[in-house]
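*Asks:* File name entry28.cif; file contents mmCIF, C-alpha atoms; full text below.
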data_data
loop_
_atom_site.group_PDB
_atom_site.id
_atom_site.type_symbol
_atom_site.label_atom_id
_atom_site.label_comp_id
_atom_site.auth_asym_id
_atom_site.auth_seq_id
_atom_site.Cartn_x
_atom_site.Cartn_y
_atom_site.Cartn_z
ATOM 1 C CA MET W 23 -32.505 -4.503 -1.282
ATOM 2 C CA GLU W 24 -30.417 -1.428 -2.026
ATOM 3 C CA GLU W 25 -27.525 -2.889 -0.014
ATOM 4 C CA ASN W 26 -27.054 -5.615 -2.617
ATOM 5 C CA ASN W 27 -26.130 -2.977 -5.214
ATOM 6 C CA VAL W 28 -23.469 -1.313 -3.045
ATOM 7 C CA ASP W 29 -19.849 -2.126 -3.855
ATOM 8 C CA LEU W 30 -18.416 -3.553 -0.623
ATOM 9 C CA MET W 31 -14.910 -2.489 -1.632
ATOM 10 C CA GLN W 32 -16.010 1.151 -1.684
ATOM 11 C CA LEU W 33 -17.608 0.774 1.742
ATOM 12 C CA ASP W 34 -14.395 -0.351 3.412
ATOM 13 C CA GLY W 35 -12.311 2.354 1.699
ATOM 14 C CA ARG W 36 -10.126 -0.014 -0.288
ATOM 15 C CA ARG W 37 -11.183 1.092 -3.772
ATOM 16 C CA ILE W 38 -9.027 4.067 -4.713
ATOM 17 C CA ASP W 39 -9.412 5.449 -8.210
ATOM 18 C CA LYS W 40 -8.371 8.984 -7.313
ATOM 19 C CA PHE W 41 -7.063 10.535 -4.120
ATOM 20 C CA LYS W 42 -9.822 12.498 -2.374
ATOM 21 C CA ASN W 43 -8.086 13.781 0.735
ATOM 22 C CA GLY W 44 -7.576 17.359 -0.404
ATOM 23 C CA LEU W 45 -4.439 16.531 -2.398
ATOM 24 C CA ASN W 46 -5.126 18.276 -5.648
ATOM 25 C CA PRO W 47 -1.938 19.034 -7.589
ATOM 26 C CA PRO W 48 -2.467 21.276 -10.608
ATOM 27 C CA ARG W 49 -3.311 19.414 -13.792
ATOM 28 C CA TRP W 50 -0.376 20.984 -15.625
ATOM 29 C CA LEU W 51 2.038 19.506 -13.041
ATOM 30 C CA ILE W 52 0.663 15.997 -13.535
ATOM 31 C CA GLU W 53 0.922 16.360 -17.321
ATOM 32 C CA VAL W 54 4.482 17.730 -17.127
ATOM 33 C CA LEU W 55 5.536 14.854 -14.854
ATOM 34 C CA PHE W 56 3.919 12.358 -17.226
ATOM 35 C CA VAL W 57 5.684 13.866 -20.274
ATOM 36 C CA LEU W 58 8.997 13.791 -18.386
ATOM 37 C CA MET W 59 8.453 10.108 -17.534
ATOM 38 C CA VAL W 60 7.764 9.381 -21.214
ATOM 39 C CA LEU W 61 10.983 11.226 -22.141
ATOM 40 C CA ALA W 62 12.832 9.229 -19.482
ATOM 41 C CA ALA W 63 11.419 6.043 -21.007
ATOM 42 C CA ILE W 64 12.603 7.067 -24.469
ATOM 43 C CA CYS W 65 16.044 7.790 -23.004
ATOM 44 C CA CYS W 66 16.144 4.100 -22.008
ATOM 45 C CA TRP W 67 16.697 3.306 -25.712
ATOM 46 C CA THR W 68 20.212 1.899 -25.627
ATOM 47 C CA SER W 69 21.892 4.229 -28.121
ATOM 48 C CA ILE W 70 20.312 7.342 -26.556
ATOM 49 C CA MET W 71 21.170 6.103 -23.065
ATOM 50 C CA ARG W 72 24.821 5.459 -23.969
ATOM 51 C CA TRP W 73 25.196 8.872 -25.582
ATOM 52 C CA MET W 74 23.578 10.669 -22.640
ATOM 53 C CA GLN W 75 25.631 8.745 -20.078
ATOM 54 C CA ALA W 76 28.808 9.700 -21.937
ATOM 55 C CA HIS W 77 27.997 13.348 -22.705
ATOM 56 C CA ALA W 78 25.292 14.495 -20.302
ATOM 57 C CA SER W 79 25.250 12.099 -17.368
ATOM 58 C CA PHE W 80 23.750 14.502 -14.838
ATOM 59 C CA CYS W 81 21.026 15.579 -17.297
ATOM 60 C CA TYR W 82 20.269 11.906 -17.933
ATOM 61 C CA ALA W 83 20.100 11.263 -14.181
ATOM 62 C CA LEU W 84 17.722 14.208 -13.713
ATOM 63 C CA ILE W 85 15.443 13.009 -16.511
ATOM 64 C CA GLN W 86 15.372 9.512 -15.013
ATOM 65 C CA THR W 87 14.729 10.661 -11.437
ATOM 66 C CA VAL W 88 12.800 13.916 -11.130
ATOM 67 C CA SER W 89 9.424 12.964 -12.601
ATOM 68 C CA MET W 90 9.188 9.518 -11.011
ATOM 69 C CA THR W 91 10.298 10.761 -7.605
ATOM 70 C CA SER W 92 7.831 13.666 -7.815
ATOM 71 C CA PHE W 93 4.998 11.264 -8.671
ATOM 72 C CA TYR W 94 6.039 9.046 -5.753
ATOM 73 C CA ILE W 95 5.915 11.986 -3.351
ATOM 74 C CA LEU W 96 2.429 12.872 -4.631
ATOM 75 C CA VAL W 97 1.202 9.272 -4.290
ATOM 76 C CA MET W 98 2.727 8.916 -0.824
ATOM 77 C CA THR W 99 1.026 12.145 0.231
ATOM 78 C CA GLY W 100 -2.267 10.977 -1.274
ATOM 79 C CA MET W 101 -2.043 7.684 0.602
ATOM 80 C CA LYS W 102 -1.380 9.276 4.016
ATOM 81 C CA SER W 103 -5.076 9.336 4.904
ATOM 82 C CA LEU W 104 -5.631 5.714 3.825
ATOM 83 C CA LYS W 105 -5.764 2.786 6.199
ATOM 84 C CA ARG W 106 -2.412 1.380 4.996
ATOM 85 C CA PRO W 107 -0.290 4.219 3.590
ATOM 86 C CA PHE W 108 3.010 2.238 3.325
ATOM 87 C CA THR W 109 4.853 5.464 4.218
ATOM 88 C CA ILE W 110 8.107 3.767 5.281
ATOM 89 C CA LEU W 111 8.330 1.815 2.016
ATOM 90 C CA TRP W 112 7.546 4.961 0.010
ATOM 91 C CA ILE W 113 10.314 6.846 1.816
ATOM 92 C CA ILE W 114 12.778 4.019 1.105
ATOM 93 C CA VAL W 115 11.842 3.951 -2.599
ATOM 94 C CA ILE W 116 12.092 7.748 -2.854
ATOM 95 C CA MET W 117 15.477 7.771 -1.102
ATOM 96 C CA LEU W 118 16.817 5.009 -3.371
ATOM 97 C CA ASN W 119 15.670 6.969 -6.426
ATOM 98 C CA LEU W 120 17.364 10.121 -5.120
ATOM 99 C CA MET W 121 20.545 8.136 -4.459
ATOM 100 C CA GLY W 122 20.271 6.925 -8.052
ATOM 101 C CA LEU W 123 20.307 10.546 -9.190
ATOM 102 C CA PHE W 124 23.744 11.039 -7.668
ATOM 103 C CA VAL W 125 25.092 7.622 -8.668
ATOM 104 C CA MET W 126 24.022 8.104 -12.304
ATOM 105 C CA GLY W 127 24.964 11.779 -12.347
ATOM 106 C CA LEU W 128 28.452 11.404 -10.938
ATOM 107 C CA SER W 129 30.756 9.324 -13.074
ATOM 108 C CA VAL W 130 33.290 8.941 -10.243
ATOM 109 C CA VAL W 131 31.097 6.598 -8.184
ATOM 110 C CA PRO W 132 32.587 3.081 -7.940
ATOM 111 C CA ASP W 133 30.762 0.318 -9.811
ATOM 112 C CA PHE W 134 30.018 -1.683 -6.654
ATOM 113 C CA ILE W 135 27.878 1.209 -5.326
ATOM 114 C CA ASP W 136 26.006 1.423 -8.632
ATOM 115 C CA ILE W 137 25.416 -2.342 -8.651
ATOM 116 C CA GLY W 138 24.390 -2.341 -4.982
ATOM 117 C CA LEU W 139 21.852 0.397 -5.618
ATOM 118 C CA ALA W 140 20.493 -1.409 -8.675
ATOM 119 C CA LEU W 141 20.082 -4.608 -6.645
ATOM 120 C CA SER W 142 18.369 -2.799 -3.766
ATOM 121 C CA LEU W 143 15.664 -1.231 -5.949
ATOM 122 C CA PRO W 144 13.692 -4.466 -6.469
ATOM 123 C CA ILE W 145 14.004 -5.242 -2.751
ATOM 124 C CA ALA W 146 12.184 -1.954 -2.019
ATOM 125 C CA TYR W 147 9.790 -1.852 -4.974
ATOM 126 C CA LEU W 148 8.464 -5.418 -4.725
ATOM 127 C CA PRO W 149 7.019 -5.250 -1.184
ATOM 128 C CA LEU W 150 5.573 -1.792 -1.849
ATOM 129 C CA GLY W 151 3.955 -2.762 -5.143
ATOM 130 C CA LEU W 152 2.703 -6.099 -3.811
ATOM 131 C CA GLY W 153 1.360 -4.469 -0.648
ATOM 132 C CA ILE W 154 -0.557 -1.858 -2.641
ATOM 133 C CA PHE W 155 -1.821 -4.531 -5.036
ATOM 134 C CA LEU W 156 -3.059 -6.787 -2.229
ATOM 135 C CA VAL W 157 -4.575 -4.122 0.042
ATOM 136 C CA TYR W 158 -6.269 -1.753 -2.408
ATOM 137 C CA ARG W 159 -8.543 -1.964 -5.417
ATOM 138 C CA GLY W 160 -9.176 0.300 -8.387
ATOM 139 C CA ARG W 161 -6.505 2.398 -10.066
ATOM 140 C CA LEU W 162 -4.260 2.258 -7.013
ATOM 141 C CA GLN W 163 -4.243 -1.543 -7.195
ATOM 142 C CA THR W 164 -3.402 -1.382 -10.909
ATOM 143 C CA MET W 165 -0.524 0.996 -10.165
ATOM 144 C CA GLY W 166 0.793 -1.441 -7.508
ATOM 145 C CA LEU W 167 0.693 -4.344 -9.958
ATOM 146 C CA LEU W 168 2.392 -2.287 -12.661
ATOM 147 C CA MET W 169 5.048 -1.232 -10.147
ATOM 148 C CA VAL W 170 5.893 -4.912 -9.627
ATOM 149 C CA ILE W 171 5.783 -5.757 -13.336
ATOM 150 C CA ARG W 172 7.928 -2.730 -14.209
ATOM 151 C CA ILE W 173 10.657 -3.376 -11.647
ATOM 152 C CA LEU W 174 10.833 -7.064 -12.562
ATOM 153 C CA GLY W 175 10.901 -6.194 -16.255
ATOM 154 C CA VAL W 176 13.598 -3.538 -16.107
ATOM 155 C CA THR W 177 15.664 -5.705 -13.755
ATOM 156 C CA LEU W 178 15.327 -9.120 -15.385
ATOM 157 C CA LEU W 179 15.096 -8.287 -19.100
ATOM 158 C CA PRO W 180 18.687 -6.998 -19.334
ATOM 159 C CA VAL W 181 19.861 -10.208 -17.621
ATOM 160 C CA VAL W 182 17.923 -12.307 -20.146
ATOM 161 C CA TYR W 183 19.392 -10.204 -22.935
ATOM 162 C CA TYR W 184 22.987 -10.709 -21.780
ATOM 163 C CA LEU W 185 22.445 -14.432 -21.247
ATOM 164 C CA PHE W 186 20.849 -14.997 -24.640
ATOM 165 C CA ILE W 187 22.350 -12.234 -26.827
ATOM 166 C CA PRO W 188 22.260 -14.110 -30.142
ATOM 167 C CA GLN W 189 18.598 -15.081 -29.756
ATOM 168 C CA PHE W 190 17.359 -11.888 -28.062
ATOM 169 C CA PRO W 191 17.663 -8.746 -30.217
ATOM 170 C CA LEU W 192 18.522 -5.503 -28.429
ATOM 171 C CA ALA W 193 15.569 -3.731 -30.079
ATOM 172 C CA ILE W 194 13.130 -6.100 -28.318
ATOM 173 C CA LEU W 195 14.738 -5.268 -24.973
ATOM 174 C CA ASP W 196 14.575 -1.532 -25.671
ATOM 175 C CA ILE W 197 10.972 -1.543 -26.881
ATOM 176 C CA THR W 198 9.787 -3.720 -23.988
ATOM 177 C CA VAL W 199 11.459 -1.518 -21.363
ATOM 178 C CA ILE W 200 10.090 1.651 -22.980
ATOM 179 C CA LEU W 201 6.564 0.206 -23.080
ATOM 180 C CA LEU W 202 6.777 -0.903 -19.441
ATOM 181 C CA GLU W 203 7.920 2.576 -18.402
ATOM 182 C CA ILE W 204 5.193 4.364 -20.379
ATOM 183 C CA ILE W 205 2.408 2.083 -19.121
ATOM 184 C CA TYR W 206 3.644 2.581 -15.561
ATOM 185 C CA ALA W 207 3.771 6.374 -16.068
ATOM 186 C CA TRP W 208 0.200 6.259 -17.394
ATOM 187 C CA SER W 209 -0.978 4.394 -14.276
ATOM 188 C CA LEU W 210 0.605 7.047 -12.039
ATOM 189 C CA ARG W 211 -0.991 9.813 -14.101
ATOM 190 C CA ARG W 212 -4.447 8.211 -13.857
ATOM 191 C CA LEU W 213 -4.349 8.400 -10.046
ATOM 192 C CA PHE W 214 -4.594 12.171 -10.384
ATOM 193 C CA ALA W 215 -6.900 12.351 -13.427
#
Spit out the file's structure as C-alpha cells when you get a sec.
*Replies:*
Amino acid sequence: MEENNVDLMQLDGRRIDKFKNGLNPPRWLIEVLFVLMVLAAICCWTSIMRWMQAHASFCYALIQTVSMTSFYILVMTGMKSLKRPFTILWIIVIMLNLMGLFVMGLSVVPDFIDIGLALSLPIAYLPLGLGIFLVYRGRLQTMGLLMVIRILGVTLLPVVYYLFIPQFPLAILDITVILLEIIYAWSLRRLFA
C-alpha cells in the first residue's frame, strides 16, 4: 500500500528540484549571479543598451555574459551525475555565450559575425531546453521550459517589433524582454536554493 504513495518520478531520478551530487556553491555566489542577471536584464532596456553599447561596450558585454555563463557552468556541473547530462549542448551554449562576450565587447567585429552568432544561439538553446524539459521534472524541467521561452522571446520579439513598429510600442518589447530574463534568472537561482 505504501508504494501507491511514492512519486514514481522521484524513483527513476527524473525529478530534480536541487542538485544533490555534492555541488554546493556558496549562497552568496548564487545571489550575486542572480543580481548580475537582473542587472543584465535591466540593461536590455533599449535606451540603456544603446548608451552602454556606445560608451561601455565591453562592460555591457561582461554584464550580459558573466552571470549567465557562470550559472550555466554550475548547472552543467550539477547535471553531470544525472542520467542525461546534455554536456555537449551545455558546452556549445557556454562557448556561444563566451563568443558573444567578444563580439559585443569588440566594436570592430563585422556585422555578419554578430548576426551569425545571434542566429546560432536559438539553434543551441532550443534542443538543450527542450531536452531538459522532456527528460526531467521539477525545477530543472521548469528551467528547461523557461530556457526555450526566453530564447524564443528575445529572438522573435525584436523581429515582431521591427515588422509592426507603429502597432507595437518599444516599451512593450523592453518590458517583455526584461521580464523574460528575470523569470529565467529566478529559475536558475531556484536550482541552487
*Asks:* Excluding Gly175 (chain W) and its own-chain neighbours fewer than 2 positions away, which residues fall within 10 Å of it when counting all atoms listed in the file? Please give them as a list of chain:residue names.
*Replies:* W:Met169, W:Val170, W:Ile171, W:Arg172, W:Ile173, W:Thr177, W:Leu178, W:Leu179, W:Pro180, W:Val181, W:Leu195, W:Thr198, W:Val199, W:Leu202, W:Glu203
*Asks:* Can I get the selection written as a short mmCIF file (atom, residue, chain, number, x, y, z; two decimals), in the coordinates of the input, with C-alpha atoms?
*Replies:*
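part_12.cif, written as the output of this step:
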data_model
loop_
_atom_site.label_atom_id
_atom_site.label_comp_id
_atom_site.auth_asym_id
_atom_site.auth_seq_id
_atom_site.Cartn_x
_atom_site.Cartn_y
_atom_site.Cartn_z
CA MET W 169 5.05 -1.23 -10.15
CA VAL W 170 5.89 -4.91 -9.63
CA ILE W 171 5.78 -5.76 -13.34
CA ARG W 172 7.93 -2.73 -14.21
CA ILE W 173 10.66 -3.38 -11.65
CA THR W 177 15.66 -5.70 -13.76
CA LEU W 178 15.33 -9.12 -15.38
CA LEU W 179 15.10 -8.29 -19.10
CA PRO W 180 18.69 -7.00 -19.33
CA VAL W 181 19.86 -10.21 -17.62
CA LEU W 195 14.74 -5.27 -24.97
CA THR W 198 9.79 -3.72 -23.99
CA VAL W 199 11.46 -1.52 -21.36
CA LEU W 202 6.78 -0.90 -19.44
CA GLU W 203 7.92 2.58 -18.40
#
*Asks:* Which one of W:Leu58, W:Met71, W:Ala83, W:Ile154 sits closest to Trp112 (chain W) if you count only C-alpha atoms?
*Replies:*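 Distance minimum relative to Trp112 (chain W) lands on W:Ile154.
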*Asks:* Pick out the closest residue to Ile145 (chain W) from this set: W:Ile204, W:Leu96, W:Leu174, W:Ile64. Count all atoms listed in the file.
*Replies:*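 Nearest to Ile145 (chain W): W:Leu174.
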*Asks:* For a cut-off of 10 Å around (17.8, 14.9, -6.0), file coordinates, pick out all residues using all atoms listed in the file and list them as a short mmCIF file (atom, residue, chain, number, x, y, z; two decimals) with C-alpha atoms, keeping the file's coordinate frame.
*Replies:*
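Written output follows (selection-v1.cif):
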data_model
loop_
_atom_site.label_atom_id
_atom_site.label_comp_id
_atom_site.auth_asym_id
_atom_site.auth_seq_id
_atom_site.Cartn_x
_atom_site.Cartn_y
_atom_site.Cartn_z
CA ALA W 83 20.10 11.26 -14.18
CA LEU W 84 17.72 14.21 -13.71
CA THR W 87 14.73 10.66 -11.44
CA VAL W 88 12.80 13.92 -11.13
CA THR W 91 10.30 10.76 -7.60
CA ILE W 116 12.09 7.75 -2.85
CA MET W 117 15.48 7.77 -1.10
CA ASN W 119 15.67 6.97 -6.43
CA LEU W 120 17.36 10.12 -5.12
CA MET W 121 20.54 8.14 -4.46
CA GLY W 122 20.27 6.92 -8.05
CA LEU W 123 20.31 10.55 -9.19
CA PHE W 124 23.74 11.04 -7.67
#
*Asks:* In Å, rounded to a single decimal, give me how far CA of Leu45 (chain W) is from CA of Thr99 (chain W).
*Replies:*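 These two atoms are separated by 7.5 Å.
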*Asks:* Please, what distance in Å, to one decimal, runs between CA of Arg161 (chain W) and CA of Ala140 (chain W)?
*Replies:* 27.3 Å
*Asks:* Which residue, W:Val54, W:Val60, W:His77, W:Tyr147, has the smallest gap to Ile113 (chain W) when you use all atoms listed in the file?
*Replies:* W:Tyr147
*Asks:* Please expand the PyMOL selection byres ((chain W and resi 93) around 10) into the concrete residues it hits in this file, giving the result as a PyMOL selection string.
*Replies:* chain W and resi 51-52+55-56+59+88-92+94-99+116+207+210-211+213-214
*Asks:* How many Å separate CA of Leu61 (chain W) from CA of Ile85 (chain W)?
*Replies:*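 Value for the CA of Leu61 (chain W)-CA of Ile85 (chain W) distance: 7.4 Å.
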*Asks:* With 5 Å of padding per side, what axis-aligned box (centre and edge lengths, Å, one decimal) covers all the listed atoms of region 106-120 of chain W? Give it as lines of an AutoDock Vina configuration file.
*Replies:*
center_x = 7.5
center_y = 5.8
center_z = -0.6
size_x = 29.8
size_y = 18.7
size_z = 21.7
*Asks:* Using all atoms listed in the file, which of W:Val176, W:Val182, W:Ile205, W:Ala146 sits nearest Cys66 (chain W)?
*Replies:*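 Result for the nearest residue to Cys66 (chain W): W:Val176.
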*Asks:* For this structure, which residues satisfy the selection - the PyMOL selection byres ((chain W and resi 103) around 12) - when it is evaluated on the file as given? I want them as a PyMOL selection string.
*Replies:* chain W and resi 35-36+38+41-45+97-102+104-109
*Asks:* Would you save the residues of that selection, restricted to C-alpha atoms, as a PDB file, in the coordinates of the input?
*Replies:*
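Final output, selection13.pdb:
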ATOM      1  CA  GLY W  35     -12.311   2.354   1.699  1.00  0.00           C
ATOM      2  CA  ARG W  36     -10.126  -0.014  -0.288  1.00  0.00           C
ATOM      3  CA  ILE W  38      -9.027   4.067  -4.713  1.00  0.00           C
ATOM      4  CA  PHE W  41      -7.063  10.535  -4.120  1.00  0.00           C
ATOM      5  CA  LYS W  42      -9.822  12.498  -2.374  1.00  0.00           C
ATOM      6  CA  ASN W  43      -8.086  13.781   0.735  1.00  0.00           C
ATOM      7  CA  GLY W  44      -7.576  17.359  -0.404  1.00  0.00           C
ATOM      8  CA  LEU W  45      -4.439  16.531  -2.398  1.00  0.00           C
ATOM      9  CA  VAL W  97       1.202   9.272  -4.290  1.00  0.00           C
ATOM     10  CA  MET W  98       2.727   8.916  -0.824  1.00  0.00           C
ATOM     11  CA  THR W  99       1.026  12.145   0.231  1.00  0.00           C
ATOM     12  CA  GLY W 100      -2.267  10.977  -1.274  1.00  0.00           C
ATOM     13  CA  MET W 101      -2.043   7.684   0.602  1.00  0.00           C
ATOM     14  CA  LYS W 102      -1.380   9.276   4.016  1.00  0.00           C
ATOM     15  CA  LEU W 104      -5.631   5.714   3.825  1.00  0.00           C
ATOM     16  CA  LYS W 105      -5.764   2.786   6.199  1.00  0.00           C
ATOM     17  CA  ARG W 106      -2.412   1.380   4.996  1.00  0.00           C
ATOM     18  CA  PRO W 107      -0.290   4.219   3.590  1.00  0.00           C
ATOM     19  CA  PHE W 108       3.010   2.238   3.325  1.00  0.00           C
ATOM     20  CA  THR W 109       4.853   5.464   4.218  1.00  0.00           C
TER      21      THR W 109
END
*Asks:* Of the residues W:Val57, W:Leu168, W:Leu139, W:Ile187, which is the one nearest to Gly151 (chain W), using all atoms listed in the file?
*Replies:* W:Leu168
*Asks:* Using only C-alpha atoms, which of W:Val115, W:Leu185, W:Arg37, W:Tyr82 sits nearest Phe155 (chain W)?
*Replies:*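 Comparing W:Val115, W:Leu185, W:Arg37, W:Tyr82 against Phe155 (chain W), the winner is W:Arg37.
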*Asks:* Pick out the residues sitting within 9 Å of Leu201 (chain W), and hand them over as a list in words; count only C-alpha atoms, and ignore anything fewer than 5 positions along from it in its own chain.
*Replies:*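 Non-adjacent residues within range: Ala63, Asp196 and Tyr206 of chain W.
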